[in-house]
Amino acid sequence: MFNHQHRTHAFVLHIVHDTARIVYLERAAAVCSRAFNYVKDPITLATFFYRFSKMSREDRGHDPTVSLASEGEEALFRELPRTYPSTAAGLDNPVPISMLEHAVTRGWPIYAMNIYAQWTDAKSTSKSLRDDLPFVSHRCLVGRPDYMSRSLTGRGTRGFVAYDLTETRVVYVKDSWRAVSENIHSEYDIYQRLYRKIIPGILDDSRIYLTVRSGGDVRGPPERNDVQVDPAAGVQDTRTQDIPEEEGGSTVPPMRRHHRLVFKEVCAPLEAFQSAQDLVEVLHRAIVAHLYAWKAAGVLHRDISAANILVYKDGHGDLHGILSDWDLSMTEEQLSSQEITQPSRSVRFCI
């Protein structure tokens with residue numbers, strides 16, 4: 001449900017014989033009611049259905065920033081594998097046709113994602129995320145995720161090859177739920193730090209980091225929230241962390257907040273390398289990216305894997321290795337601090 005639809009939460013009715021439970025699901029945790037006999041006590045079930053029928057679409061768990069694309073928008077998006085490479089011949093951002101074909105897989109609905117955030121200039125070749133950029137809304141079409149997490153709770157990361165209708169170009173959207181804590185930086189904040197600390201010549205010419213076009217915490221429709229007045233207006237937070245301790249709230253993980261990033265580059269996975277020389281070159285660039293991140297910006301990635309090293313071929317046919325997914329990284333100041341970032345967390349060990 002969470003991978004096929006765009007949701008903040010969901011309600012599930014679990015029935016076994018004559019017993020039922022009502023479950024509330026979101027990215028932080030799941031809350032389950034006590035079991036009740038709906039045959040002997042039909043009022044409880046009837047009350048739930050009645051109240052659910054009176055809920056708005058947003059209250060039922062649908063993301064208010066996402067809606068089904070119109071027929072015209074869907075037709076445009078599904079034609080991209082055939083039309084976009086020819087119309088984008090002059091762009092310095094080629095897109096693998098196979099990734100466009102995956103995005104328009106039959107059976108997957110096409111959605112329109114309204115991203116209200118600060119956007120950088122599409123024509124700029126430099127990496128910069130200025131705080132004084134105005135908030136504007138871009139309408140982006142997405143289909144089947146290029147990547148999606150299989151976990152119900154947690155970050156719930158999904159990646160989309162998207163078509164920005166505002167600028168008529170293909171971009172890449174990363175959608176996730178970040179942990180909220182005074183001791184945790186968002187991935188958008190980490191990219192800001194990388195861009196500000198690393199020498200511009202190295203940052204812009206080497207192609208070892210993704211170019212963030214827009215991003216930050218997801219906000220509601222601009223007509224409902226004045227972000228210029230209240231920077232925290234309209235953010236989407238989980239709720240289960242507010243469960244009273246006597247009801248089991250002490251075991252609930254930290255609050256999570258909906259977070260999106262829009263990247264200029266649409267990259268292929270590491271497995272797309274064509275030769276051993278390509279593989280070595282891509283891995284070398286990923287190592288260099290982390291070297292600069294630590295030496296110049298004081299950022300430790302902490303989650304390097306084959307899935308987080310991407311292959312990008314530019315408009316000139318040159319191959320680049322990009323180190324991505326900085327959402328679990330920590331700064332030098334955080335590493336030297338003794339403060340706990342996430343009080344409740346599972347960790348995997350190799351034994």
# chains A, B, ... in the order shown; residues from 1 in each chain; ligands from 1
$ select_by_dssp --residues "segment 271-345 of chain A" --states "helix (DSSP H, G or I)" --output "ChimeraX atom specification"
/A:271-272,276-297,306-308,332-336
$ closest_atom_pairs --of "segment 231-343 of chain A" --to "segment 157-174 of chain A" --cutoff "7 Å" --atoms "only C-alpha atoms" --output "CSV"
residue,atom,partner,partner_atom,distance
A:Arg260,CA,A:Lys174,CA,5.5
A:Leu261,CA,A:Lys174,CA,5.1
A:Val262,CA,A:Val173,CA,4.6
A:Phe263,CA,A:Tyr172,CA,5.1
A:Lys264,CA,A:Val171,CA,5.3
A:Glu265,CA,A:Val171,CA,6.5
A:Val266,CA,A:Tyr172,CA,5.6
$ write_last_selection --atoms "C-alpha atoms" --output "CSV table (one decimal), in the first residue's frame"
chain,number,residue,atom,x,y,z
A,260,ARG,CA,12.0,15.0,-0.4
A,261,LEU,CA,15.0,15.8,-2.6
A,262,VAL,CA,15.0,16.6,-6.3
A,263,PHE,CA,18.2,15.9,-8.2
A,264,LYS,CA,19.3,17.1,-11.6
A,265,GLU,CA,21.1,13.8,-12.5
A,266,VAL,CA,19.2,10.6,-13.3
$ residues_around --residues "His9 of chain A" --least-positions-apart "3" --cutoff "6 Å" --atoms "only C-alpha atoms" --output "list in words"
Leu25, Glu26 and Gly61 of chain A
$ residues_around --residues "Gly317 of chain A" --least-positions-apart "2" --cutoff "12 Å" --atoms "only C-alpha atoms" --output "list in words"
Asp92, Asn93, Pro94, Val95, Val311, Tyr312, Lys313, Asp314, Gly315, Leu319 and His320 of chain A
$ residues_around --residues "Asn114 of chain A" --least-positions-apart "6" --cutoff "10 Å" --atoms "only C-alpha atoms" --output "PDB file with N, CA and C atoms, in the first residue's frame"
ATOM      1  N   PRO A  64      -1.559  15.032   0.760  1.00  0.00           N
ATOM      2  CA  PRO A  64      -2.259  16.133   0.078  1.00  0.00           C
ATOM      3  C   PRO A  64      -1.437  16.802  -1.015  1.00  0.00           C
ATOM      4  N   THR A  65      -0.123  16.524  -1.058  1.00  0.00           N
ATOM      5  CA  THR A  65       0.708  17.137  -2.100  1.00  0.00           C
ATOM      6  C   THR A  65       0.774  16.289  -3.364  1.00  0.00           C
ATOM      7  N   VAL A  66       0.084  15.147  -3.364  1.00  0.00           N
ATOM      8  CA  VAL A  66       0.119  14.226  -4.504  1.00  0.00           C
ATOM      9  C   VAL A  66      -1.312  13.878  -4.922  1.00  0.00           C
ATOM     10  N   SER A  67      -1.552  13.852  -6.215  1.00  0.00           N
ATOM     11  CA  SER A  67      -2.859  13.473  -6.744  1.00  0.00           C
ATOM     12  C   SER A  67      -2.662  12.685  -8.037  1.00  0.00           C
ATOM     13  N   VAL A 136       8.681  28.138  -4.483  1.00  0.00           N
ATOM     14  CA  VAL A 136       7.801  28.016  -5.644  1.00  0.00           C
ATOM     15  C   VAL A 136       7.343  26.568  -5.752  1.00  0.00           C
ATOM     16  N   SER A 137       6.269  26.353  -6.484  1.00  0.00           N
ATOM     17  CA  SER A 137       5.701  25.017  -6.626  1.00  0.00           C
ATOM     18  C   SER A 137       5.968  24.472  -8.025  1.00  0.00           C
ATOM     19  N   HIS A 138       6.502  23.259  -8.105  1.00  0.00           N
ATOM     20  CA  HIS A 138       6.706  22.564  -9.374  1.00  0.00           C
ATOM     21  C   HIS A 138       5.825  21.315  -9.380  1.00  0.00           C
ATOM     22  N   ARG A 139       5.203  21.056 -10.511  1.00  0.00           N
ATOM     23  CA  ARG A 139       4.351  19.876 -10.653  1.00  0.00           C
ATOM     24  C   ARG A 139       5.142  18.803 -11.392  1.00  0.00           C
ATOM     25  N   CYS A 140       5.400  17.692 -10.706  1.00  0.00           N
ATOM     26  CA  CYS A 140       6.233  16.620 -11.264  1.00  0.00           C
ATOM     27  C   CYS A 140       5.415  15.336 -11.389  1.00  0.00           C
ATOM     28  N   LEU A 141       5.513  14.694 -12.532  1.00  0.00           N
ATOM     29  CA  LEU A 141       4.813  13.433 -12.774  1.00  0.00           C
ATOM     30  C   LEU A 141       5.719  12.255 -12.410  1.00  0.00           C
ATOM     31  N   ASP A 164       9.344  16.964 -14.662  1.00  0.00           N
ATOM     32  CA  ASP A 164       8.967  18.263 -14.136  1.00  0.00           C
ATOM     33  C   ASP A 164       8.204  19.033 -15.222  1.00  0.00           C
ATOM     34  N   VAL A 218       8.757  18.036   3.377  1.00  0.00           N
ATOM     35  CA  VAL A 218       7.565  18.190   2.549  1.00  0.00           C
ATOM     36  C   VAL A 218       6.581  19.118   3.241  1.00  0.00           C
ATOM     37  N   ARG A 219       6.047  20.052   2.487  1.00  0.00           N
ATOM     38  CA  ARG A 219       5.088  21.016   3.027  1.00  0.00           C
ATOM     39  C   ARG A 219       3.779  20.909   2.272  1.00  0.00           C
ATOM     40  N   GLY A 220       2.711  21.276   2.964  1.00  0.00           N
ATOM     41  CA  GLY A 220       1.394  21.232   2.364  1.00  0.00           C
ATOM     42  C   GLY A 220       1.249  22.245   1.250  1.00  0.00           C
ATOM     43  N   PRO A 221       0.087  22.277   0.607  1.00  0.00           N
ATOM     44  CA  PRO A 221      -0.147  23.210  -0.492  1.00  0.00           C
ATOM     45  C   PRO A 221       0.145  24.647  -0.070  1.00  0.00           C
ATOM     46  N   PRO A 222       0.757  25.446  -0.944  1.00  0.00           N
ATOM     47  CA  PRO A 222       1.147  26.802  -0.584  1.00  0.00           C
ATOM     48  C   PRO A 222      -0.026  27.692  -0.201  1.00  0.00           C
TER      49      PRO A 222
END
$ atom_distance --atom1 "atom CA of Asp318 of chain A" --atom2 "atom CA of Val280 of chain A"
14.3 Å
